Amino acid sequence: MTDTTKPVNNRGAVIRIFGVILIILGSLDIMLSWRGGFEIASFHAGLLAGGVLLCLIGAIRRQGVS
């Protein structure tokens with residue numbers, strides 16, 4: 001019998017998970033600032049943007065050449 005299963009590609013998984021954590025943290029900080037009536041700090045927006053960037057990098061690494 002031949003084994004036709006594809007090997008699991010875990011490249012970029014840690015980067016993508018870290019990106020998701022940053023997205024959640026940044027969005028919670030932004031929502032808390034918005035709800036409290038404070039100015040949205042650029043650091044919180046940077047957390048959100050950095051998380052999106054890391055998610056994209058992790059997705060690209062996952063689709064990369066084996």
# chains A, B, ... in the order shown; residues from 1 in each chain; ligands from 1
>>> residues_around(residues="region 29-32 of chain A", least_positions_apart="6", cutoff="12 Å", atoms="only C-alpha atoms", output="list of chain:residue names")
A:Leu22, A:Ile23, A:Phe38, A:Glu39, A:Ile40, A:Ala41, A:Ser42, A:Phe43, A:His44, A:Ala45, A:Gly46, A:Leu47, A:Leu48, A:Ala49
>>> write_last_selection(atoms="C-alpha atoms", output="short mmCIF file (atom, residue, chain, number, x, y, z; two decimals), in the first residue's frame")
data_model
loop_
_atom_site.label_atom_id
_atom_site.label_comp_id
_atom_site.auth_asym_id
_atom_site.auth_seq_id
_atom_site.Cartn_x
_atom_site.Cartn_y
_atom_site.Cartn_z
CA LEU A 22 -1.29 41.22 18.81
CA ILE A 23 -4.47 41.83 16.79
CA PHE A 38 -9.82 58.82 25.33
CA GLU A 39 -7.69 59.55 22.30
CA ILE A 40 -6.58 56.39 20.53
CA ALA A 41 -2.84 56.09 21.05
CA SER A 42 -0.66 55.37 18.07
CA PHE A 43 0.95 52.53 20.03
CA HIS A 44 -2.36 50.66 20.13
CA ALA A 45 -2.90 51.19 16.42
CA GLY A 46 0.67 49.98 15.89
CA LEU A 47 -0.09 46.80 17.83
CA LEU A 48 -3.05 46.15 15.57
CA ALA A 49 -1.10 46.90 12.39
#
>>> residues_around(residues="Ile17 (chain A)", least_positions_apart="4", cutoff="9 Å", atoms="only C-alpha atoms", output="list in words")
Gly12, Ala13, Ile21, Leu22, Leu54, Cys55 and Gly58 of chain A
>>> closest_residue(among="A:Gly64, A:Gly26, A:Gly37, A:Gly19", to="Gly51 (chain A)", atoms="only C-alpha atoms")
A:Gly19
>>> atom_distance(atom1="CA of Ile24 (chain A)", atom2="CA of Ile60 (chain A)")
20.4 Å
>>> atom_distance(atom1="CA of Ile57 (chain A)", atom2="CA of Trp34 (chain A)")
28.8 Å
>>> decode(residues="region 4-16 of chain A", atoms="all heavy atoms", output="short mmCIF file (atom, residue, chain, number, x, y, z; two decimals), in the first residue's frame")
data_model
loop_
_atom_site.label_atom_id
_atom_site.label_comp_id
_atom_site.auth_asym_id
_atom_site.auth_seq_id
_atom_site.Cartn_x
_atom_site.Cartn_y
_atom_site.Cartn_z
N THR A 4 -0.56 8.12 0.73
CA THR A 4 -0.80 9.31 -0.08
C THR A 4 -1.06 10.55 0.75
O THR A 4 -1.51 11.56 0.22
CB THR A 4 -2.00 9.08 -1.03
OG1 THR A 4 -3.14 8.78 -0.24
CG2 THR A 4 -1.71 7.96 -2.00
N THR A 5 -0.80 10.49 2.04
CA THR A 5 -1.04 11.66 2.88
C THR A 5 0.06 12.68 2.67
O THR A 5 1.22 12.32 2.48
CB THR A 5 -1.10 11.27 4.37
OG1 THR A 5 0.13 10.66 4.73
CG2 THR A 5 -2.26 10.33 4.64
N LYS A 6 -0.33 13.94 2.71
CA LYS A 6 0.64 15.01 2.54
C LYS A 6 1.29 15.31 3.90
O LYS A 6 0.63 15.23 4.92
CB LYS A 6 -0.06 16.28 2.03
CG LYS A 6 -0.57 16.15 0.62
CD LYS A 6 -1.32 17.38 0.22
CE LYS A 6 -0.37 18.50 -0.07
NZ LYS A 6 -1.05 19.71 -0.56
N PRO A 7 2.56 15.66 3.89
CA PRO A 7 3.19 16.05 5.16
C PRO A 7 2.60 17.37 5.66
O PRO A 7 2.25 18.25 4.89
CB PRO A 7 4.67 16.20 4.81
CG PRO A 7 4.70 16.38 3.34
CD PRO A 7 3.49 15.69 2.79
N VAL A 8 2.50 17.49 6.95
CA VAL A 8 1.92 18.69 7.56
C VAL A 8 2.96 19.81 7.50
O VAL A 8 4.11 19.62 7.86
CB VAL A 8 1.51 18.42 9.02
CG1 VAL A 8 0.98 19.67 9.68
CG2 VAL A 8 0.50 17.29 9.07
N ASN A 9 2.52 20.98 7.02
CA ASN A 9 3.40 22.13 6.92
C ASN A 9 3.09 23.08 8.08
O ASN A 9 2.06 23.73 8.09
CB ASN A 9 3.18 22.84 5.57
CG ASN A 9 4.14 23.97 5.36
OD1 ASN A 9 5.05 24.19 6.16
ND2 ASN A 9 3.96 24.70 4.29
N ASN A 10 3.99 23.15 9.05
CA ASN A 10 3.79 24.00 10.22
C ASN A 10 4.61 25.28 10.17
O ASN A 10 4.70 25.99 11.16
CB ASN A 10 4.14 23.23 11.50
CG ASN A 10 3.13 22.17 11.80
OD1 ASN A 10 1.96 22.31 11.47
ND2 ASN A 10 3.57 21.10 12.42
N ARG A 11 5.22 25.56 9.02
CA ARG A 11 6.02 26.78 8.91
C ARG A 11 5.11 28.00 9.05
O ARG A 11 4.05 28.07 8.48
CB ARG A 11 6.70 26.83 7.55
CG ARG A 11 7.79 25.80 7.40
CD ARG A 11 8.49 25.94 6.10
NE ARG A 11 9.11 27.27 6.04
CZ ARG A 11 9.43 27.88 4.92
NH1 ARG A 11 9.17 27.31 3.77
NH2 ARG A 11 9.99 29.06 4.95
N GLY A 12 5.54 28.95 9.84
CA GLY A 12 4.79 30.19 10.00
C GLY A 12 3.68 30.13 11.02
O GLY A 12 2.99 31.13 11.23
N ALA A 13 3.50 29.00 11.67
CA ALA A 13 2.39 28.87 12.62
C ALA A 13 2.60 29.75 13.85
O ALA A 13 1.67 30.42 14.31
CB ALA A 13 2.21 27.42 13.03
N VAL A 14 3.81 29.76 14.39
CA VAL A 14 4.08 30.54 15.59
C VAL A 14 3.97 32.04 15.29
O VAL A 14 3.40 32.80 16.09
CB VAL A 14 5.48 30.19 16.15
CG1 VAL A 14 5.84 31.09 17.31
CG2 VAL A 14 5.53 28.74 16.57
N ILE A 15 4.48 32.45 14.14
CA ILE A 15 4.40 33.86 13.75
C ILE A 15 2.94 34.27 13.58
O ILE A 15 2.54 35.36 14.03
CB ILE A 15 5.19 34.10 12.45
CG1 ILE A 15 6.67 33.84 12.69
CG2 ILE A 15 4.98 35.51 11.93
CD1 ILE A 15 7.51 33.87 11.43
N ARG A 16 2.16 33.42 12.97
CA ARG A 16 0.75 33.73 12.76
C ARG A 16 -0.03 33.80 14.08
O ARG A 16 -0.86 34.69 14.27
CB ARG A 16 0.14 32.66 11.86
CG ARG A 16 -1.15 33.06 11.25
CD ARG A 16 -1.53 32.09 10.17
NE ARG A 16 -2.76 32.53 9.54
CZ ARG A 16 -3.39 31.83 8.65
NH1 ARG A 16 -2.92 30.68 8.25
NH2 ARG A 16 -4.50 32.27 8.14
#
